Amino acid sequence: MFFSPLRLFDLNAQPPWHGPMKVGVLTGGGDCAGINGVVRAVVRRAEDRGAVVVGIRRGWAGLLEPDYVPLSYDQVADLVSVGGTFLLTSRTNPFKKKGGPELVMKNFKDAGLDALIAIGGEDTLGVAHKLADLGLRAVGVPKTIDNDLSETDVTFGFDSAVNVAVDAIDRIRTTGMSHERIMVVEVMGRDAGWIATHAGIAGGAHIILVPEEEFDIGDVCETVAARRRAGKNFTLIVAAEGARVKLKHGQVTSAQELDEFGHPKLGGIGHLLAGEIERITHLECRDVVLGHTLRGGSPLAFDRVLCTRLGVAAMDLVTEGRFDRMVALRGNAIVDVKMGDAIKPKALDRDLLSVGRLFH
Ligand code: F6P
């Protein structure tokens with residue numbers, strides 16, 4: 001396989017660059033459909049601009065223990081339709097390690113890198129933003145199925161994830177209706193109910209539960225029972241994994257330990273809910289956890305176009321020497337915003353949730 005030769009540049013050079021430059025690219029946090037498409041677009045644009053791209057493997061881990069792969073367009077040309085991240089990913093946080101940030105900067109410099117494109121969510125981009133204080137020249141690309149980054153209308157990967165959920169819900173509906181059961185579908189969404197809300201509306205859910213609001217199991221059972229009294233024997237509930245049960249459990253976790261960014265491992269709200277609904281209503285209930293299926297598989301056309309546009313725009317920001325910024329979608333335009341603003345959580349659209357809740 002052909003690899004572009006690595007070229008070393010003057011690390012003290014300041015933007016705008018006139019000569020070729022060497023740009024690192026990494027992917028951190030949970031994967032999603034479309035990441036490979038961003039990298040492909042970055043490399044394509046870089047070659048147009050006479051820059052070279054170096055892939056950094058396993059997110060920030062690849063800068064703590066150097067693990068690089070030089071990238072040429074030939075290698076990535078056919079990846080727009082391929083899910084996951086061929087660069088691999090991790091939830092490594094350099095700020096959790098003694099001397100971590102300084103080591104990242106040293107390795108970055110030793111590799112002769114001029115700039116970095118970080119593809120990630122609030123955690124990965126948060127690290128890039130903090131490292132700007134140590135001199136890192138980074139541009140961010142918003143990636144998360146959760147769609148919870150401020151300053152962008154949508155993150156790539158979200159639309160594909162919602163469509164996987166809706167496809168599954170359509171299947172769960174036919175079996176649920178046939179058996180006259182209560183079906184609880186648990187979808188990802190740690191702190192954000194964007195997936196649950198979109199999948200719930202598109203999948204025709206009767207009850208949508210999101211992390212942004214505590215819910216009462218008694219209220220859920222009452223809705224189920226009211227439907228039954230009205231002759232509707234099937235009820236579809238879509239619950240975000242981060243949905244919070246009032247008074248009782250808060251969020252339901254599947255493990256004790258937190259990751260390096262302080263996040264719990266969630267999972268189990270669907271099962272808990274199904275058990276409680278059966279116990280209280282005596283109606284047959286089943287739960288299905290969609291979990292990582294939402295992150296896997298091929299990106300849909302919307303995300304393929306979006307990730308391509310974002311990758312090209314990220315490389316353009318780099319060549320313009322505009323750092324500590326994130327590319328974003330606003331309406332139909334690709335814009336760029338301050339990374340520090342972008343890493344704040346994007347509030348769920350409550351009007352949209354209200355629309356979804358009309359269909360109980
Ligand atoms: O990337 C965000 C996310 O998909 C959350 O919705 C979810 O809680 C988390 O990732 C799960 O991550 P992991 O791959 O570590 O199980």
# chains A, B, ... in the order shown; residues from 1 in each chain; ligands from 1

$ residues_near_ligand --ligand "ligand 1" --cutoff "8 Å" --atoms "only C-alpha atoms and all ligand atoms" --output "list in words"
Gly29, Gly30, Asp31, Cys32, Arg91, Gly121, Thr144, Ile145, Asp146, Met188, Gly189, Arg190, Asp191, Ala192, Glu241, Gly242, Asp259, Pro264, Lys265, Leu266, Gly291, His292 and Arg295 of chain A

$ write_last_selection --atoms "C-alpha atoms" --output "mmCIF file, in the first residue's frame"
data_model
loop_
_atom_site.group_PDB
_atom_site.id
_atom_site.type_symbol
_atom_site.label_atom_id
_atom_site.label_comp_id
_atom_site.auth_asym_id
_atom_site.auth_seq_id
_atom_site.Cartn_x
_atom_site.Cartn_y
_atom_site.Cartn_z
ATOM 1 C CA GLY A 29 -15.004 8.871 22.502
ATOM 2 C CA GLY A 30 -17.835 6.626 21.327
ATOM 3 C CA ASP A 31 -17.691 5.847 17.628
ATOM 4 C CA CYS A 32 -20.518 6.561 15.223
ATOM 5 C CA ARG A 91 -12.038 7.388 26.089
ATOM 6 C CA GLY A 121 -17.810 14.965 21.308
ATOM 7 C CA THR A 144 -21.689 11.974 18.661
ATOM 8 C CA ILE A 145 -24.837 9.993 18.124
ATOM 9 C CA ASP A 146 -26.243 11.851 21.131
ATOM 10 C CA MET A 188 -28.626 5.447 23.914
ATOM 11 C CA GLY A 189 -28.504 8.966 25.230
ATOM 12 C CA ARG A 190 -26.530 9.454 28.398
ATOM 13 C CA ASP A 191 -27.550 12.973 29.303
ATOM 14 C CA ALA A 192 -29.501 13.896 26.210
ATOM 15 C CA GLU A 241 -30.741 4.940 28.776
ATOM 16 C CA GLY A 242 -30.151 8.034 30.903
ATOM 17 C CA ASP A 259 -14.751 6.327 32.792
ATOM 18 C CA PRO A 264 -21.098 6.164 34.492
ATOM 19 C CA LYS A 265 -21.825 3.114 32.362
ATOM 20 C CA LEU A 266 -25.572 3.324 31.915
ATOM 21 C CA GLY A 291 -27.556 0.112 22.774
ATOM 22 C CA HIS A 292 -24.535 -0.112 20.514
ATOM 23 C CA ARG A 295 -23.525 3.377 16.787
#

$ select_by_dssp --residues "region 185-344 of chain A" --states "alpha helix (DSSP H)" --output "NGL selection string"
:A and (194-202 or 217-229 or 269-281 or 301-320 or 339-342)

$ select_by_dssp --residues "region 195-331 of chain A" --states "strand (DSSP E or B)" --output "count of residues only"
34

$ residues_around --residues "region 323-334 of chain A" --least-positions-apart "5" --cutoff "6 Å" --atoms "only C-alpha atoms" --output "ChimeraX atom specification"
/A:137-141,152-153,339

$ closest_residue --among "A:Asp287, A:Glu222, A:Glu102, A:Glu276" --to "Ile169 (chain A)" --atoms "only C-alpha atoms"
A:Asp287

$ residues_around --residues "Gly55 (chain A)" --least-positions-apart "2" --cutoff "6 Å" --atoms "only C-alpha atoms" --output "PyMOL selection string"
chain A and resi 24-25+68-70

$ residues_around --residues "Thr293 (chain A)" --least-positions-apart "3" --cutoff "9 Å" --atoms "only C-alpha atoms" --output "list in words"
Ala161, Val164, Ala165, Leu290, Gly296 and Gly297 of chain A

$ write_last_selection --atoms "N, CA, C and O atoms" --output "PDB file, in the first residue's frame"
ATOM      1  N   ALA A 161     -28.014   6.974  13.525  1.00  0.00           N
ATOM      2  CA  ALA A 161     -28.402   6.267  14.754  1.00  0.00           C
ATOM      3  C   ALA A 161     -29.926   6.266  14.921  1.00  0.00           C
ATOM      4  O   ALA A 161     -30.524   5.236  15.259  1.00  0.00           O
ATOM      5  N   VAL A 164     -31.491   3.741  12.620  1.00  0.00           N
ATOM      6  CA  VAL A 164     -31.357   2.357  13.113  1.00  0.00           C
ATOM      7  C   VAL A 164     -32.424   2.095  14.173  1.00  0.00           C
ATOM      8  O   VAL A 164     -33.091   1.049  14.169  1.00  0.00           O
ATOM      9  N   ALA A 165     -32.600   3.068  15.060  1.00  0.00           N
ATOM     10  CA  ALA A 165     -33.597   2.906  16.130  1.00  0.00           C
ATOM     11  C   ALA A 165     -34.998   2.767  15.542  1.00  0.00           C
ATOM     12  O   ALA A 165     -35.783   1.908  15.969  1.00  0.00           O
ATOM     13  N   LEU A 290     -31.433  -1.331  22.552  1.00  0.00           N
ATOM     14  CA  LEU A 290     -30.801  -1.168  21.228  1.00  0.00           C
ATOM     15  C   LEU A 290     -29.318  -0.821  21.365  1.00  0.00           C
ATOM     16  O   LEU A 290     -28.512  -1.167  20.502  1.00  0.00           O
ATOM     17  N   GLY A 296     -23.336   1.401  15.373  1.00  0.00           N
ATOM     18  CA  GLY A 296     -22.667   0.591  14.354  1.00  0.00           C
ATOM     19  C   GLY A 296     -23.263   0.743  12.978  1.00  0.00           C
ATOM     20  O   GLY A 296     -24.285   1.406  12.790  1.00  0.00           O
ATOM     21  N   GLY A 297     -22.601   0.137  12.017  1.00  0.00           N
ATOM     22  CA  GLY A 297     -23.125   0.078  10.653  1.00  0.00           C
ATOM     23  C   GLY A 297     -22.793   1.303   9.823  1.00  0.00           C
ATOM     24  O   GLY A 297     -22.076   2.200  10.259  1.00  0.00           O
TER      25      GLY A 297
END

$ residues_around --residues "Gly50 (chain A)" --least-positions-apart "4" --cutoff "9 Å" --atoms "only C-alpha atoms" --output "ChimeraX atom specification"
/A:19-21,45-46

$ closest_residue --among "A:Ala314, A:Ala347, A:Ala240, A:Ala115" --to "Pro142 (chain A)" --atoms "only C-alpha atoms"
A:Ala314

$ residues_around --residues "Gly356 (chain A)" --least-positions-apart "5" --cutoff "10 Å" --atoms "only C-alpha atoms" --output "number ranges by chain"
A: 196-202, 204-208, 350-351

$ closest_residue --among "A:Cys221, A:Leu64, A:Ile237, A:Met315" --to "Ile280 (chain A)" --atoms "only C-alpha atoms"
A:Cys221

$ atom_distance --atom1 "CA of Phe95 (chain A)" --atom2 "CA of Phe261 (chain A)"
9.3 Å

$ closest_atom_pairs --of "region 157-224 of chain A" --to "region 267-274 of chain A" --cutoff "10 Å" --atoms "only C-alpha atoms" --output "CSV"
residue,atom,partner,partner_atom,distance
A:Ile182,CA,A:Ala274,CA,8.0
A:Met183,CA,A:Ala274,CA,7.8
A:Val184,CA,A:Gly270,CA,5.8
A:Val185,CA,A:Gly270,CA,6.5
A:Glu186,CA,A:Gly270,CA,5.3
A:Val187,CA,A:Gly270,CA,8.9
A:Met188,CA,A:Gly267,CA,8.6
A:Arg190,CA,A:Gly267,CA,9.4
A:Ile217,CA,A:Leu273,CA,7.4
A:Val220,CA,A:Leu273,CA,9.0
A:Cys221,CA,A:Leu273,CA,9.5
